[in-house]
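Colleague: First, the structure itself, so that you have it in front of you.
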Amino acid sequence: MPTPTTELRDGPTRLRGPSCEVPLEIAASPRARTRGLLGRDGIDGAILITPSSSIHTLRMRFTIDAAYLDKQLRVIDVHTMKPNRIGMPRWRARHVLEAEAGALARWGIHTGVQLSIDH
């Protein structure tokens with residue numbers, strides 16, 4: 001069953017997909033969403049920016065994969081973004097999952113996949 005996304009709060013948890021389980025950092029407060037991956041050289045696992053329908057990689061130090069998720073945490077789009085880019089909004093997206101480039105493919109995360117989050 002999908003995770004109720006109204007309960008998402010800042011902090012560490014686990015992301016589960018059909019063939020993966022990875023560390024997840026949730027960025028739900030305005031401060032955490034603003035910081036995101038800025039100032040980092042990488043990430044172990046992924047970060048979920050919520051609520052969000054678009055992202056940017058301005059001032060980021062590394063290329064990322066971005067999965068746009070609907071309110072039930074189903075993947076509606078996946079893109080790889082180099083530093084200093086601005087992503088187009090995805091109108092149905094309510095969350096954006098970010099990870100190092102190549103990670104989402106390794107984890108089997110692609111359009112149509114249903115994800116869940118431990119609480």
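By order in the structure tokens, chains are A, B, ...; within a chain, residues start at 1; ligands start at 1, following the order shown.
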Which of chain A end up as strand (DSSP E) when DSSP is run on this backbone - answer as a PyMOL selection string?
Modeller: chain A and resi 11-17+20-27+46-49+64-69+75-81+95-100+116-117
Colleague: Would you mind listing what lies within 8 Å of range 70-80 of chain A as a list in words, with only C-alpha atoms counted and same-chain residues fewer than 5 positions away left out?
Modeller: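 The filter keeps Pro2, Thr3, Pro4, Thr5, Thr63, Ile64, Asp65, Arg92, Ala93, Arg94, His95, Ala101, Ile109, His110, Thr111, Gly112, Val113, Gln114, Leu115 and Ser116 of chain A.
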Colleague: Store the residues picked out above, limited to all heavy atoms, as a short mmCIF file (atom, residue, chain, number, x, y, z; two decimals), in the first residue's frame.
Modeller:
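Produced file part_22.cif, reproduced below:
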```
data_model
loop_
_atom_site.label_atom_id
_atom_site.label_comp_id
_atom_site.auth_asym_id
_atom_site.auth_seq_id
_atom_site.Cartn_x
_atom_site.Cartn_y
_atom_site.Cartn_z
N PRO A 2 0.55 2.25 -0.81
CA PRO A 2 1.36 3.46 -0.86
C PRO A 2 1.39 4.18 0.49
O PRO A 2 0.45 4.12 1.26
CB PRO A 2 0.65 4.31 -1.92
CG PRO A 2 -0.10 3.36 -2.76
CD PRO A 2 -0.49 2.24 -1.83
N THR A 3 2.49 4.87 0.73
CA THR A 3 2.66 5.64 1.95
C THR A 3 1.76 6.86 1.93
O THR A 3 1.71 7.56 0.92
CB THR A 3 4.13 6.09 2.05
OG1 THR A 3 4.95 4.94 1.99
CG2 THR A 3 4.39 6.86 3.32
N PRO A 4 1.04 7.15 3.04
CA PRO A 4 0.28 8.41 3.08
C PRO A 4 1.27 9.58 3.08
O PRO A 4 2.03 9.74 4.03
CB PRO A 4 -0.49 8.34 4.39
CG PRO A 4 -0.37 6.94 4.88
CD PRO A 4 0.83 6.35 4.22
N THR A 5 1.28 10.36 2.03
CA THR A 5 2.29 11.40 1.89
C THR A 5 2.00 12.62 2.75
O THR A 5 2.85 13.48 2.89
CB THR A 5 2.45 11.82 0.42
OG1 THR A 5 1.20 12.25 -0.08
CG2 THR A 5 2.99 10.67 -0.41
N THR A 63 26.10 15.47 -11.04
CA THR A 63 24.94 15.14 -11.86
C THR A 63 24.01 14.24 -11.06
O THR A 63 24.46 13.36 -10.33
CB THR A 63 25.39 14.45 -13.16
OG1 THR A 63 26.27 15.34 -13.86
CG2 THR A 63 24.22 14.11 -14.05
N ILE A 64 22.70 14.48 -11.20
CA ILE A 64 21.72 13.70 -10.45
C ILE A 64 20.68 13.06 -11.37
O ILE A 64 20.47 13.51 -12.49
CB ILE A 64 20.97 14.54 -9.39
CG1 ILE A 64 20.13 15.65 -10.06
CG2 ILE A 64 21.94 15.11 -8.37
CD1 ILE A 64 19.15 16.33 -9.12
N ASP A 65 20.06 12.01 -10.87
CA ASP A 65 18.83 11.47 -11.44
C ASP A 65 17.68 12.09 -10.64
O ASP A 65 17.78 12.22 -9.42
CB ASP A 65 18.75 9.96 -11.28
CG ASP A 65 19.66 9.21 -12.22
OD1 ASP A 65 20.10 9.79 -13.23
OD2 ASP A 65 19.91 8.02 -11.96
N ARG A 92 1.57 16.91 -12.68
CA ARG A 92 0.98 15.91 -11.77
C ARG A 92 1.93 15.56 -10.63
O ARG A 92 1.55 14.85 -9.70
CB ARG A 92 0.61 14.65 -12.53
CG ARG A 92 -0.52 14.84 -13.50
CD ARG A 92 -0.89 13.53 -14.16
NE ARG A 92 0.12 12.51 -13.89
CZ ARG A 92 0.44 11.51 -14.68
NH1 ARG A 92 -0.17 11.36 -15.81
NH2 ARG A 92 1.37 10.65 -14.36
N ALA A 93 3.16 16.03 -10.67
CA ALA A 93 4.15 15.67 -9.65
C ALA A 93 3.85 16.36 -8.32
O ALA A 93 3.48 17.52 -8.29
CB ALA A 93 5.56 16.02 -10.11
N ARG A 94 4.02 15.61 -7.23
CA ARG A 94 3.88 16.15 -5.87
C ARG A 94 5.18 16.03 -5.08
O ARG A 94 5.33 16.65 -4.05
CB ARG A 94 2.76 15.43 -5.11
CG ARG A 94 1.39 15.60 -5.70
CD ARG A 94 0.95 17.08 -5.66
NE ARG A 94 -0.31 17.26 -6.33
CZ ARG A 94 -0.46 17.64 -7.58
NH1 ARG A 94 0.60 17.89 -8.34
NH2 ARG A 94 -1.64 17.79 -8.11
N HIS A 95 6.11 15.19 -5.58
CA HIS A 95 7.38 14.94 -4.92
C HIS A 95 8.44 14.73 -5.99
O HIS A 95 8.13 14.27 -7.08
CB HIS A 95 7.34 13.67 -4.06
CG HIS A 95 6.06 13.48 -3.31
ND1 HIS A 95 5.80 14.11 -2.12
CD2 HIS A 95 4.97 12.73 -3.60
CE1 HIS A 95 4.60 13.74 -1.70
NE2 HIS A 95 4.08 12.92 -2.58
N ALA A 101 23.56 10.33 -10.30
CA ALA A 101 23.30 9.86 -11.67
C ALA A 101 23.59 8.36 -11.77
O ALA A 101 24.63 7.89 -11.32
CB ALA A 101 24.13 10.64 -12.67
N ILE A 109 14.22 1.86 -10.75
CA ILE A 109 13.19 2.91 -10.66
C ILE A 109 13.05 3.58 -12.01
O ILE A 109 13.99 4.17 -12.53
CB ILE A 109 13.56 3.92 -9.55
CG1 ILE A 109 13.56 3.20 -8.19
CG2 ILE A 109 12.59 5.10 -9.56
CD1 ILE A 109 14.01 4.07 -7.04
N HIS A 110 11.86 3.46 -12.59
CA HIS A 110 11.55 4.03 -13.90
C HIS A 110 10.08 4.42 -13.92
O HIS A 110 9.33 4.13 -12.97
CB HIS A 110 11.89 3.04 -15.02
CG HIS A 110 11.25 1.70 -14.83
ND1 HIS A 110 9.95 1.44 -15.19
CD2 HIS A 110 11.73 0.56 -14.28
CE1 HIS A 110 9.64 0.19 -14.89
NE2 HIS A 110 10.71 -0.36 -14.32
N THR A 111 9.64 5.06 -14.99
CA THR A 111 8.26 5.50 -15.11
C THR A 111 7.30 4.33 -14.87
O THR A 111 7.50 3.25 -15.41
CB THR A 111 8.01 6.11 -16.51
OG1 THR A 111 8.92 7.20 -16.68
CG2 THR A 111 6.59 6.61 -16.67
N GLY A 112 6.29 4.58 -14.04
CA GLY A 112 5.27 3.59 -13.74
C GLY A 112 5.51 2.79 -12.47
O GLY A 112 4.61 2.13 -11.96
N VAL A 113 6.71 2.84 -11.91
CA VAL A 113 7.05 2.06 -10.71
C VAL A 113 6.38 2.69 -9.49
O VAL A 113 6.35 3.91 -9.33
CB VAL A 113 8.57 2.01 -10.51
CG1 VAL A 113 8.96 1.51 -9.14
CG2 VAL A 113 9.20 1.13 -11.58
N GLN A 114 5.84 1.84 -8.62
CA GLN A 114 5.26 2.27 -7.36
C GLN A 114 6.30 2.17 -6.26
O GLN A 114 6.91 1.14 -6.07
CB GLN A 114 4.05 1.39 -6.98
CG GLN A 114 3.40 1.75 -5.67
CD GLN A 114 2.71 3.11 -5.74
OE1 GLN A 114 1.86 3.34 -6.59
NE2 GLN A 114 3.09 4.02 -4.84
N LEU A 115 6.51 3.27 -5.53
CA LEU A 115 7.48 3.30 -4.43
C LEU A 115 6.73 3.40 -3.11
O LEU A 115 5.56 3.77 -3.07
CB LEU A 115 8.42 4.50 -4.58
CG LEU A 115 9.21 4.57 -5.88
CD1 LEU A 115 9.99 5.87 -5.96
CD2 LEU A 115 10.14 3.38 -6.00
N SER A 116 7.43 3.09 -2.02
CA SER A 116 6.87 3.31 -0.68
C SER A 116 7.99 3.77 0.24
O SER A 116 9.17 3.60 -0.06
CB SER A 116 6.22 2.04 -0.15
OG SER A 116 7.17 1.02 0.02
#
```
Colleague: Show me a table, sorted first by chain and then by increasing residue number, of the residues of range 34-76 of chain A having an atom at most 9 Å from range 25-30 of chain A, each with its shortest atom pair and the distance in Å to one decimal, counting only C-alpha atoms and written as a Markdown table.
Modeller:
```
| residue | atom | partner | partner_atom | distance |
| --- | --- | --- | --- | --- |
| A:Thr34 | CA | A:Pro30 | CA | 6.1 |
| A:Arg35 | CA | A:Ala27 | CA | 8.6 |
| A:Gly36 | CA | A:Ala27 | CA | 6.9 |
| A:Gly45 | CA | A:Glu25 | CA | 8.0 |
| A:Ala46 | CA | A:Glu25 | CA | 6.3 |
| A:Ile47 | CA | A:Glu25 | CA | 4.6 |
| A:Leu48 | CA | A:Ile26 | CA | 4.9 |
| A:Ile49 | CA | A:Ala27 | CA | 5.0 |
| A:Thr50 | CA | A:Ala28 | CA | 4.9 |
| A:Pro51 | CA | A:Ala28 | CA | 6.7 |
```
Colleague: Just the number, please: distance in Å from CA of Ile86 in chain A to CA of Ser54 in chain A, one decimal.
Modeller: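 CA of Ile86 in chain A sits 8.3 Å away from CA of Ser54 in chain A.
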Colleague: Would you compute the distance between CA of His119 in chain A and CA of Ile43 in chain A? Give it in Å to one decimal.
Modeller: 20.6 Å
Colleague: Please identify the alpha helix (DSSP H) residues within chain A (assignment by DSSP from backbone atoms) and present them as an NGL selection string.
Modeller: :A and (30-35 or 103-106)
Colleague: I need the residues from that last selection saved to file as a PDB file, in the first residue's frame (with N, CA and C atoms), if you can.
Modeller:
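Full text of again26.pdb as output:
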```
ATOM      1  N   PRO A  30      10.357  23.927   4.512  1.00  0.00           N
ATOM      2  CA  PRO A  30      10.924  24.889   3.554  1.00  0.00           C
ATOM      3  C   PRO A  30      12.447  24.967   3.634  1.00  0.00           C
ATOM      4  N   ARG A  31      12.996  24.946   4.820  1.00  0.00           N
ATOM      5  CA  ARG A  31      14.453  25.027   4.975  1.00  0.00           C
ATOM      6  C   ARG A  31      15.147  23.810   4.369  1.00  0.00           C
ATOM      7  N   ALA A  32      14.644  22.614   4.658  1.00  0.00           N
ATOM      8  CA  ALA A  32      15.261  21.389   4.131  1.00  0.00           C
ATOM      9  C   ALA A  32      15.121  21.315   2.616  1.00  0.00           C
ATOM     10  N   ARG A  33      13.965  21.733   2.067  1.00  0.00           N
ATOM     11  CA  ARG A  33      13.775  21.725   0.608  1.00  0.00           C
ATOM     12  C   ARG A  33      14.736  22.692  -0.062  1.00  0.00           C
ATOM     13  N   THR A  34      14.940  23.867   0.537  1.00  0.00           N
ATOM     14  CA  THR A  34      15.848  24.858  -0.039  1.00  0.00           C
ATOM     15  C   THR A  34      17.277  24.328  -0.068  1.00  0.00           C
ATOM     16  N   ARG A  35      17.687  23.674   0.994  1.00  0.00           N
ATOM     17  CA  ARG A  35      19.053  23.143   1.069  1.00  0.00           C
ATOM     18  C   ARG A  35      19.220  21.955   0.129  1.00  0.00           C
ATOM     19  N   ALA A 103      21.922   5.956 -10.302  1.00  0.00           N
ATOM     20  CA  ALA A 103      21.382   5.189  -9.177  1.00  0.00           C
ATOM     21  C   ALA A 103      19.973   4.675  -9.444  1.00  0.00           C
ATOM     22  N   LEU A 104      19.102   5.509  -9.997  1.00  0.00           N
ATOM     23  CA  LEU A 104      17.721   5.076 -10.203  1.00  0.00           C
ATOM     24  C   LEU A 104      17.648   3.879 -11.139  1.00  0.00           C
ATOM     25  N   ALA A 105      18.440   3.864 -12.187  1.00  0.00           N
ATOM     26  CA  ALA A 105      18.457   2.722 -13.112  1.00  0.00           C
ATOM     27  C   ALA A 105      18.944   1.466 -12.382  1.00  0.00           C
ATOM     28  N   ARG A 106      19.989   1.591 -11.561  1.00  0.00           N
ATOM     29  CA  ARG A 106      20.489   0.443 -10.788  1.00  0.00           C
ATOM     30  C   ARG A 106      19.433  -0.099  -9.841  1.00  0.00           C
TER      31      ARG A 106
END
```
Colleague: Report the distance between CA of Leu24 in chain A and CA of Leu97 in chain A in Å, rounded to one decimal place.
Modeller: 9.2 Å
Colleague: Rank A:Leu37, A:Cys20, A:Met81, A:Leu8 by their smallest atom-to-atom distance to Gly102 in chain A, using only C-alpha atoms, and report the top residue only.
Modeller: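 Residue with the minimum atom-to-atom distance to Gly102 in chain A: A:Met81.
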